[in-house]
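Novice: This is the structure I have questions about; it appears just below.
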Amino acid sequence: MTNRINSLSESITIAITTLSQELKAEGKDILSFSAGEPDFGTPQVIKDAAIKAINDEHTKYTAVDGVPALKKAIAGKLKRDNGLTYEPNQIITNNGAKHTLFNLFSATIENGAEVIIPAPYWVTYPELVKYCGGKVVEIQTDDTTGFKITPEQLKAAITPKTKMLILTIPSNPTGAVYSKDELTAIAKVLEGTDIMVASDEMYEKLTYDGEFVSCASISDDMYKRTVTINGLSKSVAMTGWRFGYMAAADTELVKATKKLQSQSTSNINSITQYAAIAGLDGSADADIAMMKKAFVQRRDEAVKLINEIEGLSVLKPDGAFYLFVNTKEITQDTLTFAKELLDKKLVAVVPGEAFGTPGYFRLSFATDLDTIREGIKRIEEFVKENY
């Protein structure tokens, strides 16, 4: 095996979810809070669009970057929701955001290039950076800063080798959302540099408190340096459909990722492309509102119950569907905590080590209230019995 492939670690979130599914198949009463996907079905309007695409014989190869109608829908969404103007040659569709990131990093990161990643981070970022030969530069955050970096931290992390800053808004795993003022302050630090910003906005529609602001909308300078990454996996429960997209001011960058995609996956699934239009053009807005309302109710209940457990605490997240629970009063070793919790109480959570931040665990509240209540009850029992 190559050194490049050996540098990769398996996704801990996927590994834990897979283990939970296997244990459940064995008949064990597993309560899993590890998966990063909504428990709702894909909206009917999107399913109907997919069925129509099949019946209309949209089952052939398409343009590598996506069919014109889909790219028009993406541009319309970015203009309507984010105030951003992109032409078709500034947009490319991909097989989910992971594929977007793989293409982007492959096209931009040379050996030794530094990529600044705030921690806690989504597990995939550092792995793909390392795979492409880059060097990860972490900026650590915690509860005291709302899990958000400060301009001072960013300035201190920048070197002549810095190629990119990755931001996730709302954050996986913390649910943190940067305000317009906070993003403006970050933008000021970047002015006069050649640093790109990879802005992962996959959880945009699941912003509960405050206003969602897209990085590229902050200023003309940020528009030029920002690559916006988004999709429909979370907002309309299309995780298995594999749909993501990238929008960038730099047409040469988009062209480079298109060239790579033409020699790897080619176009994304043609049926998904036509179905995705209904997820972008407002047709599914009522479904999004329904899911969002349910997530708010679940979040508030889960936060209340976790904060009643002695030794644990959690900030109320402003977005996404995760709690990032602080265990520091009882243990910094959340790898062991999560393993024993699964063994003894059959509850699956993801340890903070997976996100570069020990002393916390991630709990997904993308499940029904009864499961949330029972799962947190088991967590409370586990903490009382073992700590």
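By order of appearance in the structure tokens: chains A, B, ..., then residues from 1 within every chain, and ligands from 1 in the order shown.
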Restrict the calculation to only C-alpha atoms, then for each residue of region 112-175 of chain A with any atom at most 6 Å from an atom of region 190-203 of chain A give the closest atom pair and their distance in Å to one decimal, rows by chain and rising residue number, as a tab-separated table.
Specialist:
```
residue	atom	partner	partner_atom	distance
A:Lys163	CA	A:Ile195	CA	5.1
A:Met164	CA	A:Met196	CA	4.6
A:Leu165	CA	A:Val197	CA	4.8
A:Ile166	CA	A:Ala198	CA	4.8
A:Leu167	CA	A:Ser199	CA	4.9
A:Thr168	CA	A:Asp200	CA	4.7
A:Ile169	CA	A:Glu201	CA	5.2
A:Pro170	CA	A:Tyr203	CA	5.6
```
Novice: Take the residues just selected and output them with C-alpha atoms as a compact mmCIF listing (two decimals), in the first residue's frame.
Specialist:
```txt
# COMPACT_ATOMS: atom_id res chain seq x y z
CA LYS A 163 -3.02 27.80 1.74
CA MET A 164 -6.53 27.46 3.13
CA LEU A 165 -8.86 28.03 6.07
CA ILE A 166 -11.76 25.62 6.52
CA LEU A 167 -14.93 26.90 8.15
CA THR A 168 -18.09 24.89 8.85
CA ILE A 169 -21.28 26.86 9.44
CA PRO A 170 -23.24 25.53 11.29
```
Novice: Can you list, as an NGL selection string, all residues belonging to region 225-352 of chain A that DSSP tags as strand (DSSP E)?
Specialist: :A and (226-231 or 244-248 or 322-326 or 347-348 or 350-351)
Novice: So which bits of region 67-273 of chain A end up alpha helix (DSSP H) when you DSSP the backbone, as a VMD selection string?
Specialist: chain A and resid 68 to 82 97 to 108 124 to 131 151 to 157 180 to 190 220 to 225 251 to 262 270 to 273
Novice: What does the distance from CA of Asp250 (chain A) to CA of Gln90 (chain A) come to in Å, to one decimal?
Specialist: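 Interatomic distance, CA of Asp250 (chain A) to CA of Gln90 (chain A): 6.9 Å.
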Novice: Determine, counting only C-alpha atoms, which protein, DNA and RNA residues have an atom within 12 Å of an atom of Lys28 (chain A); residues of the same chain fewer than 3 positions away are not included. Present the result as a ChimeraX atom specification.
Specialist: /A:19-25,31-32,342-347
Novice: How would the residues just chosen look if you wrote them out with N, CA, C and O atoms as a short mmCIF file (atom, residue, chain, number, x, y, z; two decimals), in the first residue's frame?
Specialist:
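And here is the file that came out, again33.cif:
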```cif
data_model
loop_
_atom_site.label_atom_id
_atom_site.label_comp_id
_atom_site.auth_asym_id
_atom_site.auth_seq_id
_atom_site.Cartn_x
_atom_site.Cartn_y
_atom_site.Cartn_z
N LEU A 19 -20.95 -0.40 13.58
CA LEU A 19 -20.94 -1.33 14.71
C LEU A 19 -22.31 -1.36 15.38
O LEU A 19 -22.80 -2.44 15.74
N SER A 20 -22.91 -0.20 15.55
CA SER A 20 -24.24 -0.13 16.17
C SER A 20 -25.27 -0.92 15.36
O SER A 20 -26.09 -1.65 15.92
N GLN A 21 -25.19 -0.78 14.05
CA GLN A 21 -26.12 -1.51 13.17
C GLN A 21 -25.91 -3.01 13.27
O GLN A 21 -26.87 -3.79 13.28
N GLU A 22 -24.66 -3.42 13.36
CA GLU A 22 -24.35 -4.85 13.48
C GLU A 22 -24.87 -5.42 14.80
O GLU A 22 -25.45 -6.51 14.84
N LEU A 23 -24.67 -4.66 15.88
CA LEU A 23 -25.14 -5.12 17.19
C LEU A 23 -26.67 -5.17 17.22
O LEU A 23 -27.25 -6.08 17.81
N LYS A 24 -27.30 -4.20 16.58
CA LYS A 24 -28.76 -4.19 16.52
C LYS A 24 -29.27 -5.39 15.74
O LYS A 24 -30.29 -6.01 16.11
N ALA A 25 -28.55 -5.75 14.66
CA ALA A 25 -28.94 -6.91 13.85
C ALA A 25 -28.81 -8.21 14.64
O ALA A 25 -29.49 -9.20 14.34
N LEU A 31 -29.26 1.89 21.19
CA LEU A 31 -29.75 3.23 20.90
C LEU A 31 -28.57 4.01 20.33
O LEU A 31 -27.60 4.29 21.03
N SER A 32 -28.62 4.32 19.05
CA SER A 32 -27.49 4.97 18.39
C SER A 32 -27.73 6.45 18.19
O SER A 32 -28.74 6.86 17.60
N LEU A 342 -21.23 2.05 25.27
CA LEU A 342 -21.83 1.12 24.31
C LEU A 342 -21.87 -0.29 24.88
O LEU A 342 -22.87 -1.00 24.76
N ASP A 343 -20.79 -0.71 25.55
CA ASP A 343 -20.72 -2.06 26.11
C ASP A 343 -21.74 -2.26 27.23
O ASP A 343 -22.43 -3.29 27.28
N LYS A 344 -21.84 -1.27 28.13
CA LYS A 344 -22.63 -1.44 29.35
C LYS A 344 -24.09 -1.00 29.22
O LYS A 344 -24.97 -1.56 29.87
N LYS A 345 -24.31 0.03 28.41
CA LYS A 345 -25.67 0.58 28.32
C LYS A 345 -26.25 0.53 26.92
O LYS A 345 -27.38 0.98 26.70
N LEU A 346 -25.46 0.03 25.95
CA LEU A 346 -25.93 -0.13 24.56
C LEU A 346 -26.34 1.21 23.94
O LEU A 346 -27.28 1.30 23.17
N VAL A 347 -25.58 2.25 24.30
CA VAL A 347 -25.80 3.58 23.74
C VAL A 347 -24.55 3.99 22.96
O VAL A 347 -23.44 3.95 23.49
#
```
Novice: So which residues touch Ala156 (chain A) within 12 Å, counting only C-alpha atoms, skipping near sequence neighbours fewer than 2 positions away, as a PyMOL selection string?
Specialist: chain A and resi 116+137-139+149-154+158-160+162+189-190
Novice: Give me a file of those residues, with all heavy atoms, as a compact mmCIF listing (two decimals), in the first residue's frame.
Specialist:
```txt
# COMPACT_ATOMS: atom_id res chain seq x y z
N ILE A 116 -5.53 25.52 7.75
CA ILE A 116 -5.99 25.83 9.11
C ILE A 116 -7.39 25.25 9.30
O ILE A 116 -8.31 25.52 8.52
CB ILE A 116 -6.02 27.35 9.34
CG1 ILE A 116 -4.60 27.92 9.24
CG2 ILE A 116 -6.63 27.68 10.70
CD1 ILE A 116 -4.55 29.44 9.28
N VAL A 137 -3.07 22.47 10.42
CA VAL A 137 -2.79 23.40 11.51
C VAL A 137 -4.10 23.61 12.27
O VAL A 137 -5.04 24.23 11.76
CB VAL A 137 -2.25 24.75 10.99
CG1 VAL A 137 -2.04 25.72 12.14
CG2 VAL A 137 -0.96 24.54 10.20
N GLU A 138 -4.18 23.06 13.47
CA GLU A 138 -5.42 23.14 14.24
C GLU A 138 -5.46 24.41 15.08
O GLU A 138 -4.45 24.85 15.63
CB GLU A 138 -5.55 21.93 15.17
CG GLU A 138 -5.72 20.61 14.46
CD GLU A 138 -5.94 19.45 15.42
OE1 GLU A 138 -6.30 19.72 16.59
OE2 GLU A 138 -5.76 18.30 15.01
N ILE A 139 -6.65 24.99 15.16
CA ILE A 139 -6.92 26.04 16.14
C ILE A 139 -7.95 25.47 17.11
O ILE A 139 -9.08 25.17 16.73
CB ILE A 139 -7.48 27.32 15.49
CG1 ILE A 139 -6.46 27.93 14.51
CG2 ILE A 139 -7.84 28.34 16.57
CD1 ILE A 139 -6.98 29.20 13.83
N ILE A 149 -13.45 30.23 16.50
CA ILE A 149 -12.11 30.82 16.55
C ILE A 149 -12.23 32.34 16.64
O ILE A 149 -13.22 32.93 16.21
CB ILE A 149 -11.25 30.44 15.33
CG1 ILE A 149 -11.87 30.95 14.02
CG2 ILE A 149 -11.03 28.94 15.28
CD1 ILE A 149 -10.96 30.81 12.80
N THR A 150 -11.19 32.96 17.19
CA THR A 150 -11.13 34.41 17.26
C THR A 150 -10.19 34.93 16.16
O THR A 150 -9.34 34.19 15.67
CB THR A 150 -10.59 34.87 18.62
OG1 THR A 150 -9.23 34.43 18.75
CG2 THR A 150 -11.42 34.28 19.76
N PRO A 151 -10.34 36.19 15.77
CA PRO A 151 -9.41 36.76 14.79
C PRO A 151 -7.95 36.65 15.25
O PRO A 151 -7.05 36.43 14.43
CB PRO A 151 -9.86 38.22 14.69
CG PRO A 151 -11.30 38.21 15.09
CD PRO A 151 -11.40 37.14 16.14
N GLU A 152 -7.73 36.80 16.56
CA GLU A 152 -6.37 36.73 17.10
C GLU A 152 -5.78 35.33 16.92
O GLU A 152 -4.60 35.17 16.55
CB GLU A 152 -6.37 37.11 18.58
CG GLU A 152 -6.71 38.56 18.87
CD GLU A 152 -8.19 38.88 18.69
OE1 GLU A 152 -9.03 37.95 18.78
OE2 GLU A 152 -8.52 40.07 18.48
N GLN A 153 -6.59 34.30 17.15
CA GLN A 153 -6.13 32.93 16.94
C GLN A 153 -5.79 32.69 15.47
O GLN A 153 -4.78 32.05 15.15
CB GLN A 153 -7.20 31.93 17.38
CG GLN A 153 -7.35 31.75 18.87
CD GLN A 153 -8.44 30.74 19.20
OE1 GLN A 153 -9.60 30.90 18.79
NE2 GLN A 153 -8.10 29.69 19.91
N LEU A 154 -6.64 33.18 14.60
CA LEU A 154 -6.41 32.99 13.17
C LEU A 154 -5.12 33.67 12.73
O LEU A 154 -4.29 33.08 12.02
CB LEU A 154 -7.59 33.53 12.37
CG LEU A 154 -7.45 33.49 10.84
CD1 LEU A 154 -7.22 32.07 10.35
CD2 LEU A 154 -8.68 34.09 10.17
N ILE A 158 -1.48 31.84 10.96
CA ILE A 158 -1.10 32.05 9.56
C ILE A 158 0.42 32.12 9.41
O ILE A 158 1.11 32.80 10.18
CB ILE A 158 -1.75 33.34 9.02
CG1 ILE A 158 -3.27 33.16 8.93
CG2 ILE A 158 -1.18 33.71 7.66
CD1 ILE A 158 -4.02 34.43 8.56
N THR A 159 0.93 31.42 8.41
CA THR A 159 2.35 31.46 8.05
C THR A 159 2.45 31.65 6.53
O THR A 159 1.44 31.60 5.83
CB THR A 159 3.07 30.15 8.43
OG1 THR A 159 2.74 29.12 7.46
CG2 THR A 159 2.69 29.66 9.82
N PRO A 160 3.66 31.84 6.01
CA PRO A 160 3.80 31.96 4.55
C PRO A 160 3.34 30.71 3.80
O PRO A 160 3.10 30.77 2.59
CB PRO A 160 5.31 32.19 4.37
CG PRO A 160 5.75 32.84 5.65
CD PRO A 160 4.92 32.19 6.71
N THR A 162 0.56 29.00 4.57
CA THR A 162 -0.88 28.80 4.72
C THR A 162 -1.58 28.90 3.37
O THR A 162 -1.48 29.91 2.67
CB THR A 162 -1.50 29.83 5.68
OG1 THR A 162 -0.82 29.76 6.94
CG2 THR A 162 -2.98 29.55 5.90
N VAL A 189 -8.77 39.72 8.81
CA VAL A 189 -7.47 39.08 9.00
C VAL A 189 -6.93 38.54 7.68
O VAL A 189 -5.72 38.56 7.42
CB VAL A 189 -7.58 37.94 10.04
CG1 VAL A 189 -6.27 37.18 10.17
CG2 VAL A 189 -8.01 38.50 11.40
N LEU A 190 -7.82 38.06 6.83
CA LEU A 190 -7.41 37.43 5.58
C LEU A 190 -7.09 38.42 4.47
O LEU A 190 -6.44 38.06 3.48
CB LEU A 190 -8.51 36.47 5.09
CG LEU A 190 -8.83 35.29 6.02
CD1 LEU A 190 -10.02 34.52 5.48
CD2 LEU A 190 -7.62 34.38 6.18
```
Novice: Let me make sure I understand: among A:Thr59, A:Thr18, A:Ser364, A:Ser283, which one has the smallest atom-to-atom distance to Ile376 (chain A) if we use only C-alpha atoms?
Specialist: A:Ser364
Novice: Neighbours of Phe361 (chain A) within 12 Å (only C-alpha atoms; same-chain residues fewer than 6 positions away dropped), as a PDB file with N, CA, C and O atoms, in the first residue's frame?
Specialist:
```
ATOM      1  N   THR A  13     -16.937   8.070  12.956  1.00  0.00           N
ATOM      2  CA  THR A  13     -18.402   8.185  12.999  1.00  0.00           C
ATOM      3  C   THR A  13     -19.054   7.054  12.210  1.00  0.00           C
ATOM      4  O   THR A  13     -20.024   6.439  12.664  1.00  0.00           O
ATOM      5  N   PHE A  33     -26.790   7.244  18.679  1.00  0.00           N
ATOM      6  CA  PHE A  33     -26.799   8.687  18.488  1.00  0.00           C
ATOM      7  C   PHE A  33     -25.547   9.116  17.733  1.00  0.00           C
ATOM      8  O   PHE A  33     -25.031  10.210  17.929  1.00  0.00           O
ATOM      9  N   SER A  34     -25.051   8.227  16.886  1.00  0.00           N
ATOM     10  CA  SER A  34     -23.779   8.466  16.206  1.00  0.00           C
ATOM     11  C   SER A  34     -23.939   8.939  14.770  1.00  0.00           C
ATOM     12  O   SER A  34     -23.050   9.600  14.232  1.00  0.00           O
ATOM     13  N   PRO A 120     -13.209  21.748  17.608  1.00  0.00           N
ATOM     14  CA  PRO A 120     -13.574  20.481  16.985  1.00  0.00           C
ATOM     15  C   PRO A 120     -13.879  20.633  15.490  1.00  0.00           C
ATOM     16  O   PRO A 120     -14.445  21.636  15.080  1.00  0.00           O
ATOM     17  N   ASN A 172     -20.386  20.924  12.428  1.00  0.00           N
ATOM     18  CA  ASN A 172     -20.413  19.522  12.855  1.00  0.00           C
ATOM     19  C   ASN A 172     -19.032  19.291  13.467  1.00  0.00           C
ATOM     20  O   ASN A 172     -18.036  19.401  12.757  1.00  0.00           O
ATOM     21  N   PRO A 173     -18.930  19.099  14.803  1.00  0.00           N
ATOM     22  CA  PRO A 173     -19.923  18.504  15.695  1.00  0.00           C
ATOM     23  C   PRO A 173     -20.611  19.431  16.690  1.00  0.00           C
ATOM     24  O   PRO A 173     -21.411  18.958  17.493  1.00  0.00           O
ATOM     25  N   THR A 174     -20.312  20.735  16.705  1.00  0.00           N
ATOM     26  CA  THR A 174     -20.759  21.546  17.838  1.00  0.00           C
ATOM     27  C   THR A 174     -22.059  22.304  17.604  1.00  0.00           C
ATOM     28  O   THR A 174     -22.691  22.748  18.559  1.00  0.00           O
ATOM     29  N   ILE A 306     -29.418  16.574  29.426  1.00  0.00           N
ATOM     30  CA  ILE A 306     -27.970  16.405  29.612  1.00  0.00           C
ATOM     31  C   ILE A 306     -27.468  17.294  30.744  1.00  0.00           C
ATOM     32  O   ILE A 306     -26.673  16.869  31.595  1.00  0.00           O
ATOM     33  N   LEU A 312     -21.779  16.277  33.636  1.00  0.00           N
ATOM     34  CA  LEU A 312     -21.863  16.573  32.203  1.00  0.00           C
ATOM     35  C   LEU A 312     -22.465  17.965  31.995  1.00  0.00           C
ATOM     36  O   LEU A 312     -23.249  18.439  32.811  1.00  0.00           O
ATOM     37  N   SER A 313     -22.107  18.589  30.903  1.00  0.00           N
ATOM     38  CA  SER A 313     -22.704  19.883  30.543  1.00  0.00           C
ATOM     39  C   SER A 313     -22.650  20.046  29.034  1.00  0.00           C
ATOM     40  O   SER A 313     -21.823  19.428  28.357  1.00  0.00           O
ATOM     41  N   VAL A 314     -23.531  20.890  28.523  1.00  0.00           N
ATOM     42  CA  VAL A 314     -23.544  21.111  27.079  1.00  0.00           C
ATOM     43  C   VAL A 314     -24.106  22.495  26.768  1.00  0.00           C
ATOM     44  O   VAL A 314     -25.029  22.975  27.436  1.00  0.00           O
ATOM     45  N   TYR A 322     -26.586  18.213  16.495  1.00  0.00           N
ATOM     46  CA  TYR A 322     -25.676  17.534  17.421  1.00  0.00           C
ATOM     47  C   TYR A 322     -25.548  18.312  18.725  1.00  0.00           C
ATOM     48  O   TYR A 322     -25.606  19.546  18.738  1.00  0.00           O
ATOM     49  N   LEU A 323     -25.328  17.567  19.808  1.00  0.00           N
ATOM     50  CA  LEU A 323     -24.858  18.142  21.057  1.00  0.00           C
ATOM     51  C   LEU A 323     -23.400  17.728  21.221  1.00  0.00           C
ATOM     52  O   LEU A 323     -23.053  16.567  20.965  1.00  0.00           O
ATOM     53  N   PHE A 324     -22.555  18.669  21.639  1.00  0.00           N
ATOM     54  CA  PHE A 324     -21.155  18.344  21.910  1.00  0.00           C
ATOM     55  C   PHE A 324     -20.988  18.450  23.415  1.00  0.00           C
ATOM     56  O   PHE A 324     -20.807  19.529  23.974  1.00  0.00           O
ATOM     57  N   VAL A 325     -21.078  17.296  24.069  1.00  0.00           N
ATOM     58  CA  VAL A 325     -21.243  17.230  25.518  1.00  0.00           C
ATOM     59  C   VAL A 325     -19.893  17.220  26.224  1.00  0.00           C
ATOM     60  O   VAL A 325     -19.006  16.409  25.913  1.00  0.00           O
ATOM     61  N   ASN A 326     -19.750  18.105  27.200  1.00  0.00           N
ATOM     62  CA  ASN A 326     -18.514  18.247  27.970  1.00  0.00           C
ATOM     63  C   ASN A 326     -18.485  17.216  29.100  1.00  0.00           C
ATOM     64  O   ASN A 326     -19.375  17.171  29.943  1.00  0.00           O
ATOM     65  N   THR A 327     -17.420  16.384  29.102  1.00  0.00           N
ATOM     66  CA  THR A 327     -17.249  15.353  30.145  1.00  0.00           C
ATOM     67  C   THR A 327     -16.067  15.647  31.062  1.00  0.00           C
ATOM     68  O   THR A 327     -15.661  14.783  31.850  1.00  0.00           O
ATOM     69  N   LYS A 328     -15.474  16.822  30.952  1.00  0.00           N
ATOM     70  CA  LYS A 328     -14.188  17.086  31.611  1.00  0.00           C
ATOM     71  C   LYS A 328     -14.246  16.959  33.126  1.00  0.00           C
ATOM     72  O   LYS A 328     -13.225  16.680  33.765  1.00  0.00           O
ATOM     73  N   THR A 331     -14.087  12.911  33.111  1.00  0.00           N
ATOM     74  CA  THR A 331     -13.010  12.260  32.366  1.00  0.00           C
ATOM     75  C   THR A 331     -12.645  13.068  31.131  1.00  0.00           C
ATOM     76  O   THR A 331     -13.506  13.718  30.521  1.00  0.00           O
ATOM     77  N   GLN A 332     -11.362  13.006  30.766  1.00  0.00           N
ATOM     78  CA  GLN A 332     -10.896  13.571  29.496  1.00  0.00           C
ATOM     79  C   GLN A 332     -10.877  12.501  28.414  1.00  0.00           C
ATOM     80  O   GLN A 332     -10.825  12.807  27.229  1.00  0.00           O
ATOM     81  N   ASP A 333     -10.921  11.235  28.843  1.00  0.00           N
ATOM     82  CA  ASP A 333     -10.788  10.101  27.917  1.00  0.00           C
ATOM     83  C   ASP A 333     -12.165   9.672  27.410  1.00  0.00           C
ATOM     84  O   ASP A 333     -12.777   8.742  27.921  1.00  0.00           O
ATOM     85  N   THR A 334     -12.644  10.355  26.383  1.00  0.00           N
ATOM     86  CA  THR A 334     -13.970  10.018  25.881  1.00  0.00           C
ATOM     87  C   THR A 334     -13.960   8.820  24.937  1.00  0.00           C
ATOM     88  O   THR A 334     -15.023   8.275  24.630  1.00  0.00           O
ATOM     89  N   LEU A 335     -12.792   8.392  24.496  1.00  0.00           N
ATOM     90  CA  LEU A 335     -12.709   7.138  23.745  1.00  0.00           C
ATOM     91  C   LEU A 335     -13.156   5.979  24.626  1.00  0.00           C
ATOM     92  O   LEU A 335     -14.000   5.169  24.244  1.00  0.00           O
ATOM     93  N   THR A 336     -12.577   5.924  25.835  1.00  0.00           N
ATOM     94  CA  THR A 336     -12.956   4.879  26.788  1.00  0.00           C
ATOM     95  C   THR A 336     -14.399   5.066  27.236  1.00  0.00           C
ATOM     96  O   THR A 336     -15.169   4.098  27.349  1.00  0.00           O
ATOM     97  N   PHE A 337     -14.783   6.315  27.481  1.00  0.00           N
ATOM     98  CA  PHE A 337     -16.148   6.617  27.902  1.00  0.00           C
ATOM     99  C   PHE A 337     -17.154   6.065  26.886  1.00  0.00           C
ATOM    100  O   PHE A 337     -18.116   5.369  27.247  1.00  0.00           O
ATOM    101  N   ALA A 338     -16.934   6.359  25.607  1.00  0.00           N
ATOM    102  CA  ALA A 338     -17.876   5.933  24.563  1.00  0.00           C
ATOM    103  C   ALA A 338     -17.900   4.424  24.407  1.00  0.00           C
ATOM    104  O   ALA A 338     -18.961   3.826  24.203  1.00  0.00           O
ATOM    105  N   LYS A 339     -16.719   3.797  24.501  1.00  0.00           N
ATOM    106  CA  LYS A 339     -16.644   2.336  24.361  1.00  0.00           C
ATOM    107  C   LYS A 339     -17.406   1.652  25.490  1.00  0.00           C
ATOM    108  O   LYS A 339     -18.195   0.722  25.257  1.00  0.00           O
ATOM    109  N   LEU A 341     -19.730   2.963  27.427  1.00  0.00           N
ATOM    110  CA  LEU A 341     -21.146   3.315  27.341  1.00  0.00           C
ATOM    111  C   LEU A 341     -21.868   2.371  26.387  1.00  0.00           C
ATOM    112  O   LEU A 341     -22.986   1.905  26.672  1.00  0.00           O
ATOM    113  N   ALA A 348     -24.746   4.381  21.703  1.00  0.00           N
ATOM    114  CA  ALA A 348     -23.626   4.743  20.839  1.00  0.00           C
ATOM    115  C   ALA A 348     -23.547   6.259  20.655  1.00  0.00           C
ATOM    116  O   ALA A 348     -24.496   6.892  20.199  1.00  0.00           O
ATOM    117  N   VAL A 349     -22.408   6.822  21.053  1.00  0.00           N
ATOM    118  CA  VAL A 349     -22.088   8.227  20.802  1.00  0.00           C
ATOM    119  C   VAL A 349     -20.691   8.263  20.193  1.00  0.00           C
ATOM    120  O   VAL A 349     -19.979   7.259  20.171  1.00  0.00           O
ATOM    121  N   VAL A 350     -20.270   9.423  19.700  1.00  0.00           N
ATOM    122  CA  VAL A 350     -18.953   9.532  19.077  1.00  0.00           C
ATOM    123  C   VAL A 350     -18.015  10.304  19.999  1.00  0.00           C
ATOM    124  O   VAL A 350     -18.335  11.429  20.405  1.00  0.00           O
ATOM    125  N   PRO A 351     -16.868   9.725  20.360  1.00  0.00           N
ATOM    126  CA  PRO A 351     -15.943  10.401  21.277  1.00  0.00           C
ATOM    127  C   PRO A 351     -15.325  11.644  20.657  1.00  0.00           C
ATOM    128  O   PRO A 351     -15.121  11.725  19.441  1.00  0.00           O
ATOM    129  N   GLY A 352     -15.015  12.608  21.492  1.00  0.00           N
ATOM    130  CA  GLY A 352     -14.450  13.872  21.018  1.00  0.00           C
ATOM    131  C   GLY A 352     -13.117  13.733  20.333  1.00  0.00           C
ATOM    132  O   GLY A 352     -12.728  14.587  19.522  1.00  0.00           O
ATOM    133  N   GLU A 353     -12.375  12.655  20.649  1.00  0.00           N
ATOM    134  CA  GLU A 353     -11.093  12.430  19.993  1.00  0.00           C
ATOM    135  C   GLU A 353     -11.238  12.382  18.473  1.00  0.00           C
ATOM    136  O   GLU A 353     -10.322  12.774  17.743  1.00  0.00           O
ATOM    137  N   ALA A 354     -12.391  11.896  17.990  1.00  0.00           N
ATOM    138  CA  ALA A 354     -12.622  11.822  16.545  1.00  0.00           C
ATOM    139  C   ALA A 354     -12.646  13.201  15.911  1.00  0.00           C
ATOM    140  O   ALA A 354     -12.341  13.352  14.720  1.00  0.00           O
ATOM    141  N   PHE A 355     -12.971  14.224  16.705  1.00  0.00           N
ATOM    142  CA  PHE A 355     -13.095  15.589  16.207  1.00  0.00           C
ATOM    143  C   PHE A 355     -11.936  16.466  16.668  1.00  0.00           C
ATOM    144  O   PHE A 355     -12.008  17.700  16.587  1.00  0.00           O
ATOM    145  N   ILE A 379     -27.460   7.161  29.723  1.00  0.00           N
ATOM    146  CA  ILE A 379     -26.197   7.877  29.921  1.00  0.00           C
ATOM    147  C   ILE A 379     -26.074   8.320  31.374  1.00  0.00           C
ATOM    148  O   ILE A 379     -25.012   8.200  31.995  1.00  0.00           O
TER     149      ILE A 379
END
```
Novice: Return as CSV the residues of region 244-321 of chain A lying at most 7 Å from region 227-230 of chain A, together with the closest atom-to-atom pair for each and the distance in Å to one decimal, counting only C-alpha atoms, with rows in chain order and ascending residue number.
Specialist:
```
residue,atom,partner,partner_atom,distance
A:Gly244,CA,A:Asn230,CA,5.7
A:Tyr245,CA,A:Asn230,CA,5.6
A:Met246,CA,A:Ile229,CA,4.7
A:Ala247,CA,A:Thr228,CA,5.2
A:Ala248,CA,A:Val227,CA,4.8
```
Novice: Identify which of the residues A:Asn111, A:Ser233, A:Cys215, A:Leu260 lies closest to Val64 (chain A), counting only C-alpha atoms when measuring atom-to-atom distances.
Specialist: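 For Val64 (chain A), the nearest of the candidates is A:Leu260.
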Novice: Given only C-alpha atoms, how would the per-residue table for region 254-330 of chain A near region 204-211 of chain A read, listing every residue at most 9 Å away with its closest atom pair and distance in Å to one decimal, sorted by chain and number, as a tab-separated table?
Specialist:
```
residue	atom	partner	partner_atom	distance
A:Ile288	CA	A:Lys205	CA	7.6
A:Ala289	CA	A:Lys205	CA	8.9
A:Met291	CA	A:Leu206	CA	8.7
A:Lys292	CA	A:Leu206	CA	6.2
A:Lys293	CA	A:Tyr208	CA	8.9
A:Phe295	CA	A:Leu206	CA	8.3
A:Val296	CA	A:Tyr208	CA	6.9
A:Pro317	CA	A:Tyr208	CA	8.3
A:Asp318	CA	A:Asp209	CA	5.0
A:Gly319	CA	A:Thr207	CA	4.2
A:Ala320	CA	A:Leu206	CA	5.3
A:Phe321	CA	A:Leu206	CA	7.7
```
